[in-house]
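Next up, query.pdb (PDB, C-alpha atoms):
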ATOM      1  CA  LEU A   1      -8.768 -62.913-178.783
ATOM      2  CA  LEU A   2     -10.044 -59.320-179.216
ATOM      3  CA  PRO A   3     -12.732 -59.424-176.496
ATOM      4  CA  ILE A   4     -10.375 -61.203-174.120
ATOM      5  CA  THR A   5      -7.721 -58.545-174.739
ATOM      6  CA  ILE A   6     -10.193 -55.739-174.044
ATOM      7  CA  ALA A   7     -11.392 -57.418-170.843
ATOM      8  CA  THR A   8      -7.802 -58.097-169.762
ATOM      9  CA  THR A   9      -6.804 -54.471-170.372
ATOM     10  CA  LEU A  10      -9.655 -53.250-168.158
ATOM     11  CA  LEU A  11      -9.032 -55.854-165.452
ATOM     12  CA  THR A  12      -5.326 -55.122-165.187
ATOM     13  CA  ALA A  13      -6.027 -51.384-165.007
ATOM     14  CA  LEU A  14      -8.382 -51.999-162.075
ATOM     15  CA  ALA A  15      -5.808 -54.253-160.421
ATOM     16  CA  VAL A  16      -3.020 -51.684-160.779
ATOM     17  CA  MET A  17      -5.241 -48.941-159.336
ATOM     18  CA  ALA A  18      -6.118 -51.164-156.376
ATOM     19  CA  GLY A  19      -2.460 -52.048-155.866
ATOM     20  CA  GLY A  20      -1.471 -48.399-155.944
ATOM     21  CA  LEU A  21      -4.072 -47.630-153.283
ATOM     22  CA  VAL A  22      -2.939 -50.488-151.066
ATOM     23  CA  GLY A  23       0.708 -49.588-151.592
ATOM     24  CA  GLY A  24      -0.019 -45.980-150.660
ATOM     25  CA  LEU A  25      -1.718 -46.941-147.407
ATOM     26  CA  LEU A  26       0.772 -49.512-146.130
ATOM     27  CA  PRO A  27       4.566 -49.450-145.699
ATOM     28  CA  GLU A  28       6.510 -51.016-148.566
ATOM     29  CA  GLY A  29       7.851 -53.872-146.406
ATOM     30  CA  VAL A  30       4.332 -54.880-145.351
ATOM     31  CA  VAL A  31       3.132 -54.828-148.963
ATOM     32  CA  ALA A  32       6.132 -56.923-150.066
ATOM     33  CA  VAL A  33       5.489 -59.516-147.346
ATOM     34  CA  ALA A  34       1.774 -59.597-148.236
ATOM     35  CA  ALA A  35       2.637 -59.996-151.918
ATOM     36  CA  GLY A  36       5.065 -62.827-151.148
ATOM     37  CA  VAL A  37       2.525 -64.640-149.003
ATOM     38  CA  LEU A  38      -0.157 -64.136-151.676
ATOM     39  CA  PHE A  39       2.099 -65.585-154.372
ATOM     40  CA  ILE A  40       2.842 -68.624-152.223
ATOM     41  CA  LEU A  41      -0.877 -69.066-151.521
ATOM     42  CA  PHE A  42      -1.552 -68.784-155.269
ATOM     43  CA  GLY A  43       0.970 -71.569-155.796
ATOM     44  CA  VAL A  44      -0.880 -73.772-153.314
ATOM     45  CA  TRP A  45      -4.208 -72.774-154.898
ATOM     46  CA  THR A  46      -2.868 -73.667-158.354
ATOM     47  CA  LEU A  47      -1.901 -77.151-157.206
ATOM     48  CA  ARG A  48      -5.528 -77.836-156.356
ATOM     49  CA  VAL A  49      -7.585 -79.417-159.110
ATOM     50  CA  ASP A  50     -10.180 -76.887-160.258
ATOM     51  CA  ASP A  51     -13.237 -78.309-161.960
ATOM     52  CA  ASP A  52     -14.496 -74.782-162.719
ATOM     53  CA  ASP A  53     -11.830 -74.401-165.388
ATOM     54  CA  ASP A  54     -13.501 -76.963-167.632
ATOM     55  CA  GLU A  55     -14.841 -75.170-170.659
ATOM     56  CA  GLN A  56     -17.895 -76.208-172.582
ATOM     57  CA  ASP A  57     -18.256 -75.785-176.323
ATOM     58  CA  ALA A  58     -20.965 -73.367-177.402
ATOM     59  CA  SER A  59     -22.748 -73.335-180.707
ATOM     60  CA  THR A  60     -22.153 -70.059-182.499
ATOM     61  CA  SER A  61     -23.983 -70.791-185.746
ATOM     62  CA  ARG A  62     -27.052 -68.729-184.764
ATOM     63  CA  HIS A  63     -25.170 -65.718-183.429
ATOM     64  CA  GLY A  64     -23.329 -62.955-185.201
ATOM     65  CA  ALA A  65     -19.607 -62.516-184.662
ATOM     66  CA  VAL A  66     -20.019 -59.215-182.803
ATOM     67  CA  ARG A  67     -22.601 -60.663-180.412
ATOM     68  CA  VAL A  68     -20.383 -63.649-179.669
ATOM     69  CA  MET A  69     -17.356 -61.391-179.123
ATOM     70  CA  LEU A  70     -19.273 -59.163-176.699
ATOM     71  CA  ALA A  71     -20.578 -62.167-174.786
ATOM     72  CA  LEU A  72     -17.105 -63.722-174.629
ATOM     73  CA  GLY A  73     -15.558 -60.478-173.410
ATOM     74  CA  ALA A  74     -18.211 -60.058-170.708
ATOM     75  CA  VAL A  75     -17.914 -63.678-169.570
ATOM     76  CA  PHE A  76     -14.123 -63.464-169.487
ATOM     77  CA  PHE A  77     -14.273 -60.199-167.505
ATOM     78  CA  VAL A  78     -16.597 -61.684-164.891
ATOM     79  CA  ALA A  79     -14.740 -65.011-164.730
ATOM     80  CA  GLU A  80     -11.332 -63.393-164.290
ATOM     81  CA  PHE A  81     -12.427 -60.664-161.869
ATOM     82  CA  GLY A  82     -10.613 -61.407-158.618
ATOM     83  CA  ASP A  83      -8.683 -64.296-160.183
ATOM     84  CA  LYS A  84      -5.142 -65.176-159.129
ATOM     85  CA  THR A  85      -3.568 -63.204-161.955
ATOM     86  CA  GLN A  86      -5.537 -60.075-161.123
ATOM     87  CA  LEU A  87      -4.686 -60.378-157.437
ATOM     88  CA  ALA A  88      -1.039 -60.922-158.356
ATOM     89  CA  THR A  89      -1.188 -57.706-160.398
ATOM     90  CA  VAL A  90      -2.633 -55.883-157.361
ATOM     91  CA  ALA A  91       0.280 -57.171-155.294
ATOM     92  CA  LEU A  92       2.897 -56.168-157.873
ATOM     93  CA  ALA A  93       1.382 -52.707-158.298
ATOM     94  CA  GLY A  94       1.456 -52.274-154.531
ATOM     95  CA  VAL A  95       5.136 -53.164-154.373
ATOM     96  CA  HIS A  96       6.125 -51.163-157.483
ATOM     97  CA  ARG A  97       4.050 -48.005-156.966
ATOM     98  CA  ASP A  98       6.496 -45.838-158.917
ATOM     99  CA  ASN A  99       6.104 -48.069-161.972
ATOM    100  CA  GLU A 100       2.340 -48.669-162.097
ATOM    101  CA  VAL A 101       2.116 -48.000-165.836
ATOM    102  CA  TRP A 102       4.798 -50.631-166.462
ATOM    103  CA  VAL A 103       3.043 -53.097-164.142
ATOM    104  CA  TRP A 104      -0.202 -52.514-166.052
ATOM    105  CA  LEU A 105       1.505 -52.827-169.429
ATOM    106  CA  GLY A 106       3.428 -55.946-168.394
ATOM    107  CA  ALA A 107       0.344 -57.616-166.936
ATOM    108  CA  THR A 108      -1.742 -56.759-169.994
ATOM    109  CA  VAL A 109       0.878 -57.970-172.477
ATOM    110  CA  GLY A 110       1.516 -61.071-170.377
ATOM    111  CA  MET A 111      -2.183 -61.920-170.260
ATOM    112  CA  PHE A 112      -2.535 -61.248-173.993
ATOM    113  CA  ALA A 113       0.393 -63.537-174.761
ATOM    114  CA  THR A 114      -0.921 -66.200-172.408
ATOM    115  CA  ASN A 115      -4.402 -66.098-173.889
ATOM    116  CA  ALA A 116      -3.109 -66.088-177.454
ATOM    117  CA  LEU A 117      -0.941 -69.100-176.699
ATOM    118  CA  ALA A 118      -3.828 -70.875-174.994
ATOM    119  CA  ILE A 119      -6.135 -70.253-177.929
ATOM    120  CA  ALA A 120      -3.549 -71.261-180.532
ATOM    121  CA  ALA A 121      -1.951 -74.252-178.853
ATOM    122  CA  GLY A 122      -4.182 -75.374-175.986
ATOM    123  CA  SER A 123      -5.772 -78.338-177.673
ATOM    124  CA  ARG A 124      -2.431 -79.610-178.991
ATOM    125  CA  LEU A 125      -0.606 -79.277-175.680
ATOM    126  CA  GLU A 126      -3.265 -81.320-173.896
ATOM    127  CA  ARG A 127      -2.241 -84.291-176.007
ATOM    128  CA  TYR A 128       1.394 -84.083-174.895
ATOM    129  CA  LEU A 129       1.413 -82.492-171.435
ATOM    130  CA  PRO A 130      -0.620 -83.864-168.568
ATOM    131  CA  PRO A 131      -2.669 -81.266-166.659
ATOM    132  CA  ARG A 132      -0.808 -82.190-163.478
ATOM    133  CA  LEU A 133       2.527 -81.118-165.006
ATOM    134  CA  ILE A 134       1.029 -77.828-166.145
ATOM    135  CA  ARG A 135      -0.391 -77.144-162.668
ATOM    136  CA  ILE A 136       2.905 -78.003-160.973
ATOM    137  CA  SER A 137       4.850 -75.729-163.345
ATOM    138  CA  ALA A 138       2.461 -72.826-162.760
ATOM    139  CA  ALA A 139       2.610 -73.355-158.992
ATOM    140  CA  ALA A 140       6.418 -73.355-159.145
ATOM    141  CA  VAL A 141       6.355 -69.937-160.845
ATOM    142  CA  PHE A 142       4.063 -68.570-158.117
ATOM    143  CA  PHE A 143       6.349 -70.024-155.428
ATOM    144  CA  LEU A 144       9.381 -68.412-157.097
ATOM    145  CA  PHE A 145       7.693 -64.984-157.227
ATOM    146  CA  GLY A 146       6.635 -65.426-153.598
ATOM    147  CA  ALA A 147      10.205 -66.146-152.556
ATOM    148  CA  ILE A 148      11.476 -63.131-154.512
ATOM    149  CA  ALA A 149       8.882 -60.830-152.944
ATOM    150  CA  LEU A 150       9.685 -62.103-149.449
ATOM    151  CA  SER A 151      13.403 -61.625-150.052
ATOM    152  CA  VAL A 152      12.737 -58.047-151.176
ATOM    153  CA  ALA A 153      10.835 -57.473-147.919
ATOM    154  CA  VAL A 154      13.724 -58.786-145.851
ATOM    155  CA  LEU A 155      16.461 -56.863-147.672
TER     156      LEU A 155
END
Full structure transcribed into structure tokens:
Amino acid sequence: LLPITIATTLLTALAVMAGGLVGGLLPEGVVAVAAGVLFILFGVWTLRVDDDDDEQDASTSRHGAVRVMLALGAVFFVAEFGDKTQLATVALAGVHRDNEVWVWLGATVGMFATNALAIAAGSRLERYLPPRLIRISAAAVFFLFGAIALSVAVL
């Protein structure tokens, strides 16, 4: 969890900086519409089955804990760079330019909580919840945020 938290903290900081830049260059209404469309596209993207998310077990018996943590943090950073959650953070930071620190903090805490939950309960949930239900629920959240962002742009 520690290397993932460090990688997440750096990734969300980059996303918030990018969102602040985009939000500073474009009118707020345009950024809100773009964010809404992105969220809806993320919902569609989430509904697709993604074979790249399959994780393989790695043997750690020959490696020290620090080496494994560094490798995990680096792999997580590269794998999540440009991911839906990072792009969503860019969009939110662009819309909420006056609250970039809060966007960064919220995204970092949200990713930490999500990763902690996934690590602690992932294997158990797979037994009870089909992957399709999980994908549909996640897509519904993206669709909801898309609708909210689009309504903000219209109002």
Original post:
Neighbours of Leu144 in chain A within 12 Å (all atoms listed in the file; same-chain residues fewer than 6 positions away dropped), as JSON, numbers by chain?
Top reply: {"A": [35, 36, 37, 38, 39, 40, 41, 42, 43, 137, 138, 150, 151]}
Subject >> Residue nearest Thr114 in chain A among A:Glu126, A:Arg48, A:Val101, A:Thr85 (counting only C-alpha atoms) >> reply: A:Thr85
Original post:
Any idea what the distance is between CA of Val90 in chain A and CA of Gly24 in chain A?
Top reply: 12.2 Å
Original post:
Can you tell me, as number ranges by chain, what residues are no more than 9 Å from Thr9 in chain A when counting all atoms listed in the file, ignoring any on the same chain fewer than 6 positions away?
Top reply: A: 104-105, 107-109, 111-112
Original post:
Hey, what comes out of the PyMOL selection byres ((chain A and resi 16) around 9) on this file? Could you write it as a PyMOL selection string?
Top reply: chain A and resi 11-15+17-21+86+89-94+97+100-101+103-104
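Straight-line separation from CA of Thr46 in chain A to CA of Leu26 in chain A: 27.3 Å.
The space separating CA of Gly23 in chain A from CA of Val95 in chain A comes to 6.3 Å.
Each of A:Ile148, A:Trp102, A:Ala34, A:Asn115 was compared to Ile6 in chain A using only C-alpha atoms, and A:Asn115 turns out to be the nearest.
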Original post:
In terms of the shortest atom-to-atom distance over all atoms listed in the file, which of A:Leu1, A:Arg124, A:Leu87, A:His96 is closest to Gly29 in chain A?
Top reply: A:His96
